[in-house]
Number of protein chains: 2
Amino acid sequence: MSDFPDTMQAAILVHDGYAPTATGPVIDDAADWLQAVEIPVPQPGAGQVLIRMRASSVNPSDLHFIKGEYGQPRVKDHPAGFEGCGDVVATGAGAEQLAGQRVAFVAAGSGAWAEYVVTPALMCIPLRPDVSDFDGAAQIVNPLTAMAMVDIAKQAGEAFIISAATSQLGKLMCALGRDLGLSPIALVRRADAVDQLKALGAAEVLVTSDAGFTDRLAEVMRALKPRIFLDAVADQQCETIFTAMPNGARWIIYGKLSTEPPALTQTGQLIFMGKRIEGFWLTQWMTSTPPQDQMRVVGEVQARFADGRWSTDVAATIPLRDLVATLAETLKTTKGKVMIVPE
Amino acid sequence: MSDFPDTMQAAILVHDGYAPTATGPVIDDAADWLQAVEIPVPQPGAGQVLIRMRASSVNPSDLHFIKGEYGQPRVKDHPAGFEGCGDVVATGAGAEQLAGQRVAFVAAGSGAWAEYVVTPALMCIPLRPDVSDFDGAAQIVNPLTAMAMVDIAKQAGEAFIISAATSQLGKLMCALGRDLGLSPIALVRRADAVDQLKALGAAEVLVTSDAGFTDRLAEVMRALKPRIFLDAVADQQCETIFTAMPNGARWIIYGKLSTEPPALTQTGQLIFMGKRIEGFWLTQWMTSTPPQDQMRVVGEVQARFADGRWSTDVAATIPLRDLVATLAETLKTTKGKVMIVPE
């Protein structure tokens with residue numbers, strides 16, 4: 001086993017549980033939510049590994065989470081941070097096969113914004129040597145999510161629908177869909193996004209604010225018969241889209257950009273048309289998808305980073321010790337990914 | 001092949017499609033919805049069989065359907081009737097194995113309220129000799145539905161929830177649940193139904209109109225951890241129940257007794273807790289469930305009718321030629337099942 005110290009630098013949560021607010025992924029001052037401290041290095045339990053962090057990324061879901069506006073409760077005094085890249089320096093029982101490996105990981109034990117992280121082996125992906133640390137640290141939350149969802153769509157048919165298609169994830173899924181020979185149908189709010197999404201790979205782009213939206217929707221449903229709706233919005237219009245889809249359609253909700261609770265106006269669609277409503281969460285996917293399916297999807301993601309089709313546009317790096325002091329300002333003044341590094 | 005005539009008696013639909021009403025399974029005069037006529041005997045296509053009817057049953061769903069208030073559109077001039085028992089007298093290509101057999105069937109080609117019926121072979125269940133024609137004619141819509149849904153519950157865990165538990169289907173599912181060693185949790189509107197359902201097999205009975213309902217619900221969820229909610233109501237309170245269920249819960253809607261469209265107030269439950277919302281329709285189950293699973297479930301139903309644990313309480317029989325004239329009056333003056341016979 002590698003040598004490592006008893007204590008470490010970390011940015012820990014200062015609040016517990018959920019907040020009643022829904023103010024989105026922006027912060028004025030990270031010190032409202034985080035504290036820079038020296039805490040004991042955590043111990044890996046059974047099935048877990050201890051990782052020495054090389055780089056951790058800052059995703060919108062991290063900001064949702066530290067503010068208590070994400071679907072998982074905060075635990076006070078635990079490090080924040082969902083995603084990173086690092087070296088496995090200790091393993092719990094049953095996780096020995098990862099010893100010494102460089103991995104991309106989702107932090108599901110302690111947070112990634114720390115020098116050392118504990119997470120289940122199931123949440124780690126061994127990295128090819130030709131994938132950089134930064135690409136490794138930003139390879140799961142967006143790219144693997146996009147690939148895993150498009151893989152679900154692919155298994156169900158050729159066409160699929162994407163809401164909030166101008167988001168980073170939406171754009172990734174449009175491009176991936178075309179790469180895999182599928183027909184992504186992109187939903188956008190404004191007409192000025194249509195050309196960009198068509199260029200990226202969307203087979204059709206529907207503007208949800210258009211007067212003729214319902215007619216266009218019906219027309220596209222008839223022509224392309226999408227079976228999967230990958231939805232980050234979940235408002236009443238999304239229910240309308242779901243009811244316009246053909247028999248056997250699945251409404252897969254992975255985000256909730258709208259605060260409107262959608263009403264189920266046509267339960268007969270569930271009963272007689274074999275439709276269903278479900279969710280997608282990468283953490284769940286990583287623990288429940290058969291290993292061979294995961295490996296196929298993970299392999300496709302790594303190949304894209306290794307051969308340069310994808311790369312992480314790093315706008316700024318912040319040393320971990322400066323994170324709480326400088327994160328808000330860095331986010332305000334940069335576009336692209338912010339990376340946290342140990343030193 | 002058997003000998004059969006060119007034309008037959010039938011009660012055909014006088015309206016097309018859906019009605020905008022929701023007036024429930026009661027009729028004043030069957031002639032508002034049906035007409036007694038002599039029409040050509042239908043021909044079985046590929047995968048279909050022609051059945052000479054021995055007995056057909058009258059279910060609440062038949063009344064919903066003829067009024068245009070069921071989830072399937074009416075087709076004018078086609079016979080009504082969802083369920084019956086009879087002899088296969090002709091077979092289409094690929095359905096030869098059913099030739100000459102006495103079967104229980106769901107009518108998915110032409111209706112069961114006719115001397116002859118065409119339906120897919122997949123919608124037929126060959127009957128054991130020790131199951132009577134009347135038990136055969138009433139064995140699918142309620143008993144097989146109950147058994148199929150309880151089988152889904154059994155595969156997911158020990159406890160399951162049933163709404164509208166005082167319905168015939170609800171009571172069947174309570175009894176079946178106990179028979180199979182499961183813990184049915186029955187939801188009822190009025191406290192006076194509690195004792196009956198406990199006697200039938202419910203492990204817990206929750207009265208939805210009680211002031212303390214929410215607390216009792218939380219308590220029972222903690223104690224029994226039901227994973228399946230078999231729901232015929234689908235109102236907002238059902239959504240509350242779904243959100244109170246543990247991780248991985250499935251809300252399976254098979255009916256819509258309420259006119260209230262339930263709003264999804266907690267999409268995070270779908271995303272982070274692996275819950276999902278789906279429907280159940282026996283016709284779909286019969287065409288999509290692997291044969292060995294169907295056979296197991298069908299076998300259990302037939303065994304119950306054969307050994308007398310279950311029997312069909314026939315309150316009245318109506319000859320097919322008198323159906324339109326006498327159905328409404330017969331339904332008003334009897335309790336129990338009304339059967340239609342050829343003569």
# chains A, B, ... in the order shown; residues from 1 in each chain; ligands from 1
$ interface_residues --of "chain A" --to "chain B" --cutoff "7 Å" --atoms "only C-alpha atoms" --output "MDAnalysis selection string"
chainID A and resid 71 253:254 261:265 268 270:272 274:281
$ write_last_selection --atoms "N, CA, C and O atoms" --output "compact mmCIF listing (two decimals), in the first residue's frame"
# COMPACT_ATOMS: atom_id res chain seq x y z
N GLY A 71 -31.06 16.66 -5.43
CA GLY A 71 -31.92 15.60 -4.90
C GLY A 71 -31.30 14.68 -3.88
O GLY A 71 -31.88 13.67 -3.52
N ILE A 253 -36.80 11.03 -16.92
CA ILE A 253 -36.52 12.35 -16.34
C ILE A 253 -35.17 12.31 -15.64
O ILE A 253 -34.93 11.46 -14.79
N TYR A 254 -34.26 13.22 -16.02
CA TYR A 254 -32.95 13.24 -15.35
C TYR A 254 -32.64 14.60 -14.74
O TYR A 254 -31.58 14.80 -14.15
N PRO A 261 -45.06 21.35 -11.30
CA PRO A 261 -45.25 19.90 -11.21
C PRO A 261 -46.17 19.44 -12.34
O PRO A 261 -47.31 19.90 -12.43
N PRO A 262 -45.71 18.58 -13.25
CA PRO A 262 -46.56 18.16 -14.36
C PRO A 262 -47.70 17.25 -13.89
O PRO A 262 -47.48 16.37 -13.05
N ALA A 263 -48.91 17.48 -14.40
CA ALA A 263 -50.05 16.62 -14.07
C ALA A 263 -50.17 15.53 -15.12
O ALA A 263 -49.94 15.77 -16.31
N LEU A 264 -50.50 14.34 -14.66
CA LEU A 264 -50.71 13.22 -15.59
C LEU A 264 -52.15 13.27 -16.07
O LEU A 264 -53.07 12.85 -15.37
N THR A 265 -52.36 13.80 -17.26
CA THR A 265 -53.73 14.04 -17.74
C THR A 265 -54.31 12.82 -18.44
O THR A 265 -55.50 12.76 -18.67
N GLY A 268 -54.64 6.63 -19.19
CA GLY A 268 -54.89 5.57 -20.17
C GLY A 268 -53.67 5.29 -21.03
O GLY A 268 -53.49 4.19 -21.53
N LEU A 270 -50.64 5.14 -19.95
CA LEU A 270 -49.81 4.18 -19.21
C LEU A 270 -50.43 2.78 -19.29
O LEU A 270 -49.75 1.78 -19.47
N ILE A 271 -51.77 2.75 -19.15
CA ILE A 271 -52.46 1.46 -19.07
C ILE A 271 -52.51 0.78 -20.44
O ILE A 271 -52.09 -0.37 -20.57
N PHE A 272 -53.02 1.49 -21.44
CA PHE A 272 -53.32 0.82 -22.71
C PHE A 272 -52.21 0.93 -23.74
O PHE A 272 -52.18 0.21 -24.72
N GLY A 274 -48.84 1.04 -22.90
CA GLY A 274 -47.58 0.49 -22.42
C GLY A 274 -46.49 1.53 -22.20
O GLY A 274 -45.31 1.22 -22.26
N LYS A 275 -46.90 2.78 -21.94
CA LYS A 275 -45.89 3.82 -21.70
C LYS A 275 -45.47 3.81 -20.23
O LYS A 275 -46.19 3.30 -19.38
N ARG A 276 -44.31 4.39 -19.94
CA ARG A 276 -43.95 4.52 -18.53
C ARG A 276 -43.08 5.73 -18.28
O ARG A 276 -42.51 6.32 -19.20
N ILE A 277 -43.04 6.12 -17.01
CA ILE A 277 -42.30 7.30 -16.57
C ILE A 277 -41.26 6.84 -15.57
O ILE A 277 -41.59 6.16 -14.61
N GLU A 278 -40.01 7.22 -15.80
CA GLU A 278 -38.97 6.76 -14.91
C GLU A 278 -37.91 7.86 -14.76
O GLU A 278 -38.07 8.96 -15.29
N GLY A 279 -36.85 7.58 -14.05
CA GLY A 279 -35.79 8.56 -13.87
C GLY A 279 -34.46 8.01 -14.36
O GLY A 279 -34.32 6.81 -14.62
N PHE A 280 -33.49 8.90 -14.49
CA PHE A 280 -32.12 8.45 -14.76
C PHE A 280 -31.19 9.18 -13.81
O PHE A 280 -31.23 10.41 -13.68
N TRP A 281 -30.33 8.42 -13.16
CA TRP A 281 -29.30 8.99 -12.29
C TRP A 281 -28.05 8.16 -12.48
O TRP A 281 -28.07 6.94 -12.34
$ select_by_dssp --residues "segment 210-304 of chain A" --states "strand (DSSP E or B)" --output "PyMOL selection string"
chain A and resi 228-231+250-253+263+276-279
$ residues_around --residues "Ala159 of chain B" --least-positions-apart "4" --cutoff "6 Å" --atoms "only C-alpha atoms" --output "MDAnalysis selection string"
chainID B and resid 182:184 226
$ write_last_selection --atoms "N, CA, C and O atoms" --output "mmCIF file, in the first residue's frame"
data_model
loop_
_atom_site.group_PDB
_atom_site.id
_atom_site.type_symbol
_atom_site.label_atom_id
_atom_site.label_comp_id
_atom_site.auth_asym_id
_atom_site.auth_seq_id
_atom_site.Cartn_x
_atom_site.Cartn_y
_atom_site.Cartn_z
ATOM 1 N N LEU B 182 -47.752 -13.272 1.007
ATOM 2 C CA LEU B 182 -47.359 -11.868 0.906
ATOM 3 C C LEU B 182 -48.137 -11.019 1.917
ATOM 4 O O LEU B 182 -48.986 -11.521 2.642
ATOM 5 N N SER B 183 -47.809 -9.732 1.967
ATOM 6 C CA SER B 183 -48.486 -8.807 2.890
ATOM 7 C C SER B 183 -49.204 -7.711 2.103
ATOM 8 O O SER B 183 -48.611 -6.675 1.817
ATOM 9 N N PRO B 184 -50.470 -7.928 1.735
ATOM 10 C CA PRO B 184 -51.216 -6.880 1.026
ATOM 11 C C PRO B 184 -51.576 -5.735 1.978
ATOM 12 O O PRO B 184 -51.990 -5.969 3.113
ATOM 13 N N PRO B 226 -43.340 -1.714 1.136
ATOM 14 C CA PRO B 226 -43.926 -2.228 -0.114
ATOM 15 C C PRO B 226 -43.221 -1.640 -1.329
ATOM 16 O O PRO B 226 -42.903 -0.454 -1.354
#
$ residues_around --residues "Thr119 of chain B" --least-positions-apart "2" --cutoff "6 Å" --atoms "only C-alpha atoms" --output "PyMOL selection string"
chain B and resi 48-49+107-109
$ residues_around --residues "Cys124 of chain B" --least-positions-apart "6" --cutoff "9 Å" --atoms "only C-alpha atoms" --output "count of residues only"
7
$ closest_residue --among "A:Asp77, A:Asp16, A:Glu38, A:Asp130" --to "Phe65 of chain A" --atoms "only C-alpha atoms"
A:Asp16
$ residues_around --residues "Ile27 of chain B" --least-positions-apart "2" --cutoff "12 Å" --atoms "only C-alpha atoms" --output "PyMOL selection string"
chain B and resi 23-25+29-34+60+62-67+324+326-332
$ write_last_selection --atoms "C-alpha atoms" --output "tab-separated table (two decimals), in the first residue's frame"
chain	number	residue	atom	x	y	z
B	23	THR	CA	-70.75	8.29	-16.37
B	24	GLY	CA	-69.53	4.89	-15.21
B	25	PRO	CA	-70.55	1.27	-15.74
B	29	ASP	CA	-81.12	0.74	-22.09
B	30	ALA	CA	-78.58	-1.39	-23.99
B	31	ALA	CA	-80.26	-0.26	-27.25
B	32	ASP	CA	-78.60	3.14	-26.73
B	33	TRP	CA	-75.26	1.44	-27.41
B	34	LEU	CA	-75.90	-1.91	-29.08
B	60	PRO	CA	-68.00	-3.45	-15.82
B	62	ASP	CA	-67.76	-3.96	-21.16
B	63	LEU	CA	-70.22	-1.29	-20.04
B	64	HIS	CA	-67.48	1.36	-19.93
B	65	PHE	CA	-66.48	0.29	-23.43
B	66	ILE	CA	-69.89	0.27	-25.17
B	67	LYS	CA	-70.46	3.79	-23.75
B	324	VAL	CA	-79.97	-5.92	-26.20
B	326	THR	CA	-82.97	-7.37	-21.49
B	327	LEU	CA	-79.39	-6.50	-20.39
B	328	ALA	CA	-80.09	-3.22	-18.60
B	329	GLU	CA	-83.02	-4.65	-16.63
B	330	THR	CA	-81.11	-7.83	-15.74
B	331	LEU	CA	-78.13	-5.83	-14.44
B	332	LYS	CA	-80.45	-3.70	-12.30
$ atom_distance --atom1 "atom CA of Val117 of chain B" --atom2 "atom CA of Gly248 of chain A"
27.8 Å
$ residues_around --residues "segment 153-156 of chain A" --least-positions-apart "2" --cutoff "8 Å" --atoms "only C-alpha atoms" --output "list in words"
Met149, Val150, Asp151, Glu158, Ala159, Phe160, Leu182, Arg227 and Ile228 of chain A
$ write_last_selection --atoms "C-alpha atoms" --output "mmCIF file, in the first residue's frame"
data_model
loop_
_atom_site.group_PDB
_atom_site.id
_atom_site.type_symbol
_atom_site.label_atom_id
_atom_site.label_comp_id
_atom_site.auth_asym_id
_atom_site.auth_seq_id
_atom_site.Cartn_x
_atom_site.Cartn_y
_atom_site.Cartn_z
ATOM 1 C CA MET A 149 -28.637 7.866 -21.832
ATOM 2 C CA VAL A 150 -28.055 7.719 -25.584
ATOM 3 C CA ASP A 151 -27.254 4.023 -25.134
ATOM 4 C CA GLU A 158 -33.726 4.932 -33.752
ATOM 5 C CA ALA A 159 -35.283 8.253 -32.756
ATOM 6 C CA PHE A 160 -35.288 9.891 -29.319
ATOM 7 C CA LEU A 182 -29.717 7.640 -34.510
ATOM 8 C CA ARG A 227 -39.618 5.749 -28.050
ATOM 9 C CA ILE A 228 -37.412 7.576 -25.526
#
$ atom_distance --atom1 "atom CA of Val338 of chain A" --atom2 "atom CA of Leu257 of chain A"
22.3 Å
$ select_by_dssp --residues "segment 60-203 of chain A" --states "helix (DSSP H, G or I)" --output "MDAnalysis selection string"
chainID A and resid 60:66 96:98 121:123 133:137 140:156 168:179 191:200
$ decode --residues "segment 43-64 of chain A" --atoms "N, CA and C atoms" --output "tab-separated table (two decimals), in the first residue's frame"
chain	number	residue	atom	x	y	z
A	43	GLN	N	-11.09	6.38	5.70
A	43	GLN	CA	-10.68	4.98	5.53
A	43	GLN	C	-11.65	4.29	4.58
A	44	PRO	N	-11.13	3.51	3.61
A	44	PRO	CA	-12.05	2.76	2.75
A	44	PRO	C	-12.66	1.57	3.48
A	45	GLY	N	-13.98	1.41	3.38
A	45	GLY	CA	-14.66	0.23	3.93
A	45	GLY	C	-14.71	-0.88	2.90
A	46	ALA	N	-15.47	-1.92	3.19
A	46	ALA	CA	-15.59	-3.05	2.26
A	46	ALA	C	-16.14	-2.55	0.92
A	47	GLY	N	-15.50	-2.97	-0.16
A	47	GLY	CA	-15.96	-2.59	-1.50
A	47	GLY	C	-15.57	-1.18	-1.91
A	48	GLN	N	-14.82	-0.47	-1.02
A	48	GLN	CA	-14.45	0.92	-1.31
A	48	GLN	C	-12.96	1.06	-1.58
A	49	VAL	N	-12.61	2.20	-2.17
A	49	VAL	CA	-11.20	2.51	-2.37
A	49	VAL	C	-10.90	3.91	-1.83
A	50	LEU	N	-9.63	4.14	-1.48
A	50	LEU	CA	-9.15	5.48	-1.13
A	50	LEU	C	-8.34	6.01	-2.31
A	51	ILE	N	-8.69	7.20	-2.77
A	51	ILE	CA	-8.07	7.78	-3.97
A	51	ILE	C	-7.32	9.06	-3.60
A	52	ARG	N	-6.07	9.20	-4.07
A	52	ARG	CA	-5.36	10.47	-3.94
A	52	ARG	C	-5.72	11.31	-5.17
A	53	MET	N	-6.35	12.45	-4.94
A	53	MET	CA	-6.90	13.25	-6.03
A	53	MET	C	-5.81	13.87	-6.91
A	54	ARG	N	-5.98	13.76	-8.23
A	54	ARG	CA	-5.13	14.48	-9.19
A	54	ARG	C	-5.85	15.75	-9.67
A	55	ALA	N	-7.14	15.64	-9.92
A	55	ALA	CA	-7.93	16.80	-10.36
A	55	ALA	C	-9.40	16.49	-10.06
A	56	SER	N	-10.14	17.53	-9.64
A	56	SER	CA	-11.58	17.37	-9.46
A	56	SER	C	-12.27	18.48	-10.23
A	57	SER	N	-13.45	18.20	-10.77
A	57	SER	CA	-14.12	19.21	-11.59
A	57	SER	C	-15.24	19.89	-10.81
A	58	VAL	N	-15.63	21.05	-11.33
A	58	VAL	CA	-16.77	21.79	-10.76
A	58	VAL	C	-17.89	21.73	-11.79
A	59	ASN	N	-18.98	21.02	-11.43
A	59	ASN	CA	-20.14	20.89	-12.32
A	59	ASN	C	-21.31	21.70	-11.76
A	60	PRO	N	-22.27	22.08	-12.60
A	60	PRO	CA	-23.47	22.75	-12.07
A	60	PRO	C	-24.12	21.94	-10.94
A	61	SER	N	-24.12	20.59	-11.06
A	61	SER	CA	-24.76	19.80	-10.00
A	61	SER	C	-24.05	19.96	-8.66
A	62	ASP	N	-22.72	20.24	-8.68
A	62	ASP	CA	-22.01	20.51	-7.42
A	62	ASP	C	-22.55	21.76	-6.75
A	63	LEU	N	-22.84	22.80	-7.58
A	63	LEU	CA	-23.34	24.05	-7.01
A	63	LEU	C	-24.76	23.86	-6.49
A	64	HIS	N	-25.60	23.13	-7.27
A	64	HIS	CA	-26.94	22.77	-6.76
A	64	HIS	C	-26.81	22.08	-5.40
